[in-house]
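Shown below: run-v5.csv, with CSV, C-alpha atoms and all ligand atoms.
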```csv
chain,number,residue,atom,x,y,z
A,1,MET,CA,96.7,135.5,82.6
A,2,ASP,CA,96.4,134.9,78.9
A,3,GLY,CA,100.1,135.0,78.1
A,4,GLN,CA,100.2,138.7,77.5
A,5,THR,CA,102.3,140.8,79.7
A,6,VAL,CA,99.8,143.2,81.2
A,7,THR,CA,101.0,145.3,84.0
A,8,ALA,CA,98.0,146.7,85.7
A,9,ALA,CA,98.5,150.0,87.4
A,10,PRO,CA,99.0,149.4,91.2
A,11,VAL,CA,96.3,150.6,93.6
A,12,LEU,CA,97.3,151.5,97.1
A,13,ILE,CA,95.3,152.5,100.1
A,14,LEU,CA,96.9,154.4,103.0
A,15,LEU,CA,95.2,153.9,106.3
A,16,GLY,CA,96.3,156.0,109.3
A,17,PRO,CA,94.9,158.2,112.0
A,18,PRO,CA,95.3,162.0,111.9
A,19,GLY,CA,98.9,162.8,112.9
A,20,ALA,CA,100.3,159.6,111.5
A,21,GLY,CA,101.8,161.5,108.6
A,22,LYS,CA,99.6,160.0,105.9
A,23,GLY,CA,99.6,163.2,103.8
A,24,THR,CA,103.3,163.6,103.9
A,25,GLN,CA,103.9,160.0,102.9
A,26,ALA,CA,101.4,160.2,100.1
A,27,ARG,CA,103.2,163.2,98.7
A,28,MET,CA,106.5,161.4,98.9
A,29,LEU,CA,105.0,158.5,97.0
A,30,GLU,CA,103.7,160.8,94.4
A,31,GLU,CA,107.1,162.4,93.9
A,32,GLU,CA,109.1,159.2,94.0
A,33,PHE,CA,106.9,156.8,92.0
A,34,GLY,CA,104.6,159.1,90.0
A,35,LEU,CA,101.6,157.7,91.8
A,36,VAL,CA,98.5,159.9,91.8
A,37,GLN,CA,96.7,160.5,95.1
A,38,LEU,CA,93.0,160.4,94.7
A,39,SER,CA,91.1,161.9,97.6
A,40,THR,CA,87.3,161.4,97.6
A,41,GLY,CA,86.7,165.1,98.4
A,42,ASP,CA,88.8,166.3,95.5
A,43,LEU,CA,87.3,163.8,93.1
A,44,LEU,CA,83.8,164.8,94.0
A,45,ARG,CA,84.5,168.5,93.6
A,46,ALA,CA,86.3,167.9,90.3
A,47,ALA,CA,83.5,165.8,88.9
A,48,VAL,CA,80.9,168.4,89.9
A,49,ALA,CA,82.9,171.2,88.4
A,50,GLN,CA,83.4,169.3,85.2
A,51,GLY,CA,79.7,168.4,85.0
A,52,THR,CA,80.3,164.8,84.2
A,53,GLU,CA,77.2,162.5,84.4
A,54,ALA,CA,78.3,161.2,87.8
A,55,GLY,CA,79.2,164.8,88.8
A,56,LYS,CA,75.7,166.0,88.0
A,57,LYS,CA,74.2,163.2,90.1
A,58,ALA,CA,76.6,164.1,93.0
A,59,ARG,CA,75.7,167.8,92.7
A,60,ALA,CA,71.9,167.1,92.9
A,61,VAL,CA,72.4,164.9,95.9
A,62,MET,CA,74.6,167.4,97.7
A,63,GLU,CA,72.3,170.3,96.9
A,64,ALA,CA,69.5,168.3,98.5
A,65,GLY,CA,71.7,168.1,101.6
A,66,GLU,CA,72.1,164.4,101.3
A,67,LEU,CA,75.2,162.2,101.4
A,68,VAL,CA,76.6,161.1,98.1
A,69,SER,CA,76.0,157.4,97.7
A,70,ASP,CA,78.7,154.8,97.3
A,71,GLU,CA,77.4,154.1,93.8
A,72,ILE,CA,78.0,157.7,92.7
A,73,VAL,CA,81.5,157.7,94.3
A,74,ILE,CA,82.3,154.5,92.5
A,75,ALA,CA,81.1,156.0,89.2
A,76,ILE,CA,83.3,159.1,89.7
A,77,LEU,CA,86.2,156.9,90.6
A,78,ARG,CA,85.6,154.7,87.5
A,79,ASP,CA,85.9,157.9,85.3
A,80,ARG,CA,89.0,159.1,87.1
A,81,LEU,CA,90.9,155.8,87.0
A,82,ALA,CA,90.4,155.8,83.2
A,83,GLU,CA,92.4,159.1,82.9
A,84,PRO,CA,95.9,158.7,81.6
A,85,ASP,CA,97.7,160.1,84.6
A,86,CYS,CA,96.5,157.2,86.7
A,87,ALA,CA,98.4,154.7,84.5
A,88,ARG,CA,101.3,154.6,86.8
A,89,GLY,CA,99.2,153.8,89.8
A,90,VAL,CA,97.1,155.5,92.4
A,91,ILE,CA,96.9,156.0,96.2
A,92,LEU,CA,93.3,156.2,97.4
A,93,ASP,CA,92.6,158.6,100.2
A,94,GLY,CA,89.3,158.7,102.1
A,95,PHE,CA,87.7,155.8,100.2
A,96,PRO,CA,86.8,153.1,101.1
A,97,ARG,CA,85.7,153.7,104.6
A,98,THR,CA,83.5,150.7,105.0
A,99,THR,CA,83.7,147.1,104.0
A,100,VAL,CA,80.7,147.6,101.7
A,101,GLN,CA,82.6,150.3,99.9
A,102,ALA,CA,85.7,148.0,99.9
A,103,GLN,CA,83.7,145.3,98.1
A,104,ALA,CA,82.3,147.8,95.6
A,105,LEU,CA,85.8,149.1,95.0
A,106,ASP,CA,87.1,145.5,94.4
A,107,ALA,CA,84.3,145.0,91.9
A,108,LEU,CA,85.3,148.2,90.1
A,109,LEU,CA,88.9,147.4,90.0
A,110,ALA,CA,88.2,143.9,88.7
A,111,GLU,CA,86.4,145.5,85.7
A,112,ARG,CA,89.7,147.1,85.0
A,113,ASP,CA,91.9,144.0,85.7
A,114,GLN,CA,93.2,145.9,88.7
A,115,ARG,CA,93.0,145.1,92.4
A,116,ILE,CA,94.1,146.6,95.7
A,117,ASP,CA,97.7,145.8,95.7
A,118,ALA,CA,98.4,147.0,99.2
A,119,ALA,CA,96.3,148.5,102.0
A,120,VAL,CA,99.0,150.0,104.2
A,121,SER,CA,98.1,150.7,107.7
A,122,LEU,CA,100.2,153.3,109.4
A,123,GLU,CA,100.2,152.0,112.9
A,124,VAL,CA,100.6,154.3,115.9
A,125,ASP,CA,100.9,153.9,119.6
A,126,ASP,CA,97.9,155.8,120.9
A,127,ALA,CA,99.3,157.0,124.2
A,128,ALA,CA,102.5,158.2,122.5
A,129,MET,CA,100.5,159.9,119.8
A,130,VAL,CA,98.4,161.8,122.4
A,131,THR,CA,101.7,163.0,124.1
A,132,ARG,CA,103.2,163.9,120.7
A,133,ILE,CA,100.2,165.9,119.5
A,134,SER,CA,98.9,167.4,122.7
A,135,GLY,CA,102.4,168.7,123.7
A,136,ARG,CA,102.7,170.9,120.7
A,137,TYR,CA,102.6,174.7,121.0
A,138,THR,CA,103.9,177.6,118.9
A,139,CYS,CA,105.1,181.1,119.4
A,140,ALA,CA,102.3,183.4,118.5
A,141,ALA,CA,104.7,186.1,117.1
A,142,CYS,CA,106.9,184.0,114.8
A,143,GLY,CA,105.3,180.6,114.6
A,144,GLU,CA,108.3,178.7,115.9
A,145,GLY,CA,107.1,175.3,117.1
A,146,TYR,CA,107.8,173.9,120.6
A,147,HIS,CA,106.8,170.8,122.5
A,148,ASP,CA,106.2,170.1,126.3
A,149,ALA,CA,108.3,166.9,126.2
A,150,PHE,CA,110.6,167.2,123.2
A,151,LYS,CA,111.5,170.8,122.6
A,152,GLN,CA,111.2,173.4,125.3
A,153,PRO,CA,112.6,176.9,124.8
A,154,ALA,CA,115.8,177.7,126.7
A,155,THR,CA,113.8,180.0,129.0
A,156,ALA,CA,110.3,178.6,129.8
A,157,GLY,CA,107.6,180.7,128.0
A,158,THR,CA,110.1,182.8,126.0
A,159,CYS,CA,110.6,182.0,122.3
A,160,ASP,CA,114.3,181.2,121.4
A,161,LYS,CA,113.9,182.8,118.1
A,162,CYS,CA,112.1,186.1,118.6
A,163,GLY,CA,111.8,186.5,122.4
A,164,GLY,CA,108.0,186.5,122.1
A,165,THR,CA,106.2,185.4,125.3
A,166,GLU,CA,102.8,184.5,123.9
A,167,MET,CA,102.5,180.8,123.1
A,168,THR,CA,99.5,179.3,121.4
A,169,ARG,CA,98.0,175.8,121.3
A,170,ARG,CA,95.5,174.5,118.8
A,171,ALA,CA,92.2,173.5,120.4
A,172,ASP,CA,92.3,170.4,118.3
A,173,ASP,CA,95.5,169.3,119.9
A,174,LYS,CA,94.0,168.9,123.4
A,175,ALA,CA,94.8,165.4,124.8
A,176,GLU,CA,91.1,164.4,125.2
A,177,THR,CA,90.3,165.5,121.6
A,178,VAL,CA,93.3,163.6,120.2
A,179,ALA,CA,92.4,160.5,122.2
A,180,SER,CA,88.8,160.6,121.0
A,181,ARG,CA,89.9,161.2,117.4
A,182,LEU,CA,92.1,158.1,117.7
A,183,GLU,CA,89.3,156.0,119.2
A,184,ALA,CA,86.9,157.0,116.4
A,185,TYR,CA,89.6,156.2,113.8
A,186,HIS,CA,90.1,152.7,115.2
A,187,ALA,CA,86.4,152.0,115.5
A,188,GLN,CA,85.9,153.1,111.9
A,189,THR,CA,89.0,151.4,110.5
A,190,ALA,CA,89.0,148.0,112.3
A,191,PRO,CA,86.6,146.4,109.8
A,192,LEU,CA,88.6,147.6,106.9
A,193,ILE,CA,91.8,146.3,108.4
A,194,GLY,CA,90.1,142.9,108.9
A,195,TYR,CA,88.8,143.0,105.3
A,196,TYR,CA,92.3,143.6,103.8
A,197,ASP,CA,93.9,141.2,106.1
A,198,LYS,CA,91.6,138.5,104.6
A,199,THR,CA,92.3,139.6,101.0
A,200,GLY,CA,96.0,139.5,101.7
A,201,ALA,CA,96.5,143.2,100.8
A,202,LEU,CA,97.1,144.4,104.3
A,203,ALA,CA,100.6,145.7,105.2
A,204,ARG,CA,101.3,147.2,108.6
A,205,ILE,CA,104.0,149.9,109.1
A,206,ASP,CA,105.1,151.3,112.4
A,207,ALA,CA,104.3,154.9,111.9
A,208,MET,CA,105.9,156.2,115.2
A,209,GLY,CA,109.4,156.3,113.7
A,210,ALA,CA,111.2,158.9,111.6
A,211,ILE,CA,109.5,160.1,108.5
A,212,ASP,CA,112.3,158.8,106.3
A,213,ASP,CA,112.2,155.3,107.8
A,214,ILE,CA,108.4,155.1,107.3
A,215,ALA,CA,108.9,156.4,103.7
A,216,ALA,CA,111.6,153.7,103.1
A,217,GLU,CA,109.3,150.9,104.3
A,218,LEU,CA,106.4,152.3,102.2
A,219,GLY,CA,108.7,152.6,99.2
A,220,ALA,CA,109.7,148.9,99.5
A,221,ILE,CA,106.0,147.9,99.5
A,222,VAL,CA,105.4,150.1,96.4
A,223,LYS,CA,108.4,148.5,94.6
A,224,ARG,CA,107.2,145.1,95.5
A,225,VAL,CA,103.7,145.7,94.0
A,226,THR,CA,104.9,147.6,91.0
A,227,GLY,CA,107.3,144.7,90.3
A,301,ZN,ZN,108.9,183.4,118.3
```

Produce structure tokens that represent the structure in this file.
Ligand SMILES: [Zn+2]
Amino acid sequence: MDGQTVTAAPVLILLGPPGAGKGTQARMLEEEFGLVQLSTGDLLRAAVAQGTEAGKKARAVMEAGELVSDEIVIAILRDRLAEPDCARGVILDGFPRTTVQAQALDALLAERDQRIDAAVSLEVDDAAMVTRISGRYTCAACGEGYHDAFKQPATAGTCDKCGGTEMTRRADDKAETVASRLEAYHAQTAPLIGYYDKTGALARIDAMGAIDDIAAELGAIVKRVTG
């Protein structure tokens, strides 16, 4: 540092499998700390809609049915990070997904005197997660939620709230589907976890507990990196 007090906006990454409550936690961080969540999908759509230079490139690539390159995503992110609302800090969602992208992101942040302050991994117990998700069902009539293990209606098959007897389960919540989703998540994320472990940005949080406890731990990390 050159003697000036420069507080660079913190940059956080939230890593967590579907069902770990990533979205909920990100929203809470937005509310509590004024951080802005930047999701790759939203960024791409916005850049295309605004017709920025990078957005035009992205559009051409997508119209050709091809994947948007890391270079284009980085260019879009560069534009977005320069906008004033990002001055309080950002949470990245959906990017990076690979170590190559993580390196490109580090280079971009270095241009801006920023860095990844924390890559927070919301850690889950896979078996418990399968039980938690695959046990969910809802009353078709009123939408009341139930669970095989944690919340059965007083009379099996009959909704406590409305007396309805038709219960529905989401196809996505099948045990096998959940298990393979978790497996894919771990396979994809392991290199990133290793990467941020090496850079020292990695923080692990037990995401099996209560939402408020997870939020408190996450909040402590944000406070630490925002000084
Ligand atoms: Zn009901």

Compile the contact shell of segment 96-107 of chain A as a CSV table (one decimal) with C-alpha atoms, keeping the file's coordinate frame: residues with an atom at most 10 Å away, counting only C-alpha atoms, same-chain residues fewer than 2 positions apart removed.
```csv
chain,number,residue,atom,x,y,z
A,13,ILE,CA,95.3,152.5,100.1
A,15,LEU,CA,95.2,153.9,106.3
A,40,THR,CA,87.3,161.4,97.6
A,69,SER,CA,76.0,157.4,97.7
A,70,ASP,CA,78.7,154.8,97.3
A,71,GLU,CA,77.4,154.1,93.8
A,73,VAL,CA,81.5,157.7,94.3
A,74,ILE,CA,82.3,154.5,92.5
A,77,LEU,CA,86.2,156.9,90.6
A,78,ARG,CA,85.6,154.7,87.5
A,92,LEU,CA,93.3,156.2,97.4
A,93,ASP,CA,92.6,158.6,100.2
A,94,GLY,CA,89.3,158.7,102.1
A,109,LEU,CA,88.9,147.4,90.0
A,110,ALA,CA,88.2,143.9,88.7
A,111,GLU,CA,86.4,145.5,85.7
A,112,ARG,CA,89.7,147.1,85.0
A,113,ASP,CA,91.9,144.0,85.7
A,114,GLN,CA,93.2,145.9,88.7
A,115,ARG,CA,93.0,145.1,92.4
A,116,ILE,CA,94.1,146.6,95.7
A,188,GLN,CA,85.9,153.1,111.9
A,189,THR,CA,89.0,151.4,110.5
A,190,ALA,CA,89.0,148.0,112.3
A,191,PRO,CA,86.6,146.4,109.8
A,192,LEU,CA,88.6,147.6,106.9
A,193,ILE,CA,91.8,146.3,108.4
A,194,GLY,CA,90.1,142.9,108.9
A,195,TYR,CA,88.8,143.0,105.3
A,196,TYR,CA,92.3,143.6,103.8
```

Exercise for review: May I ask you to write as a list in words all residues lying at most 7 Å from ligand ZN 301 (chain A), with all atoms listed in the file counted?
Suggested key: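 Sorted by chain and then by number, the residues are Cys139, Ala140, Ala141, Cys142, Gly143, Glu144, Cys159, Asp160, Lys161, Cys162, Gly163 and Gly164 of chain A.
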
Review point. Pick the closest to Ala9 of chain A from A:Leu202, A:Ala49, A:Val225, A:Val61: which is it, counting all atoms listed in the file?
Key: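 Nearest to Ala9 of chain A: A:Val225.
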
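With atom CA of Ala8 of chain A on one side and atom CA of Arg45 of chain A on the other, the separation reads 26.8 Å.
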
Exercise for review: Would you mind listing what lies within 9 Å of Ala149 of chain A as a PyMOL selection string, with all atoms listed in the file counted and same-chain residues fewer than 4 positions away left out?
Suggested key: chain A and resi 131-132+135-136

Exercise for review: Please measure the separation of atom CA of Glu217 of chain A and atom CA of Asp197 of chain A, giving the value in Å to one decimal.
Suggested key: 18.3 Å

Exercise for review: Work out how far atom CA of Ala87 of chain A is from atom CA of Gln25 of chain A, in Å to one decimal.
Suggested key: 19.9 Å
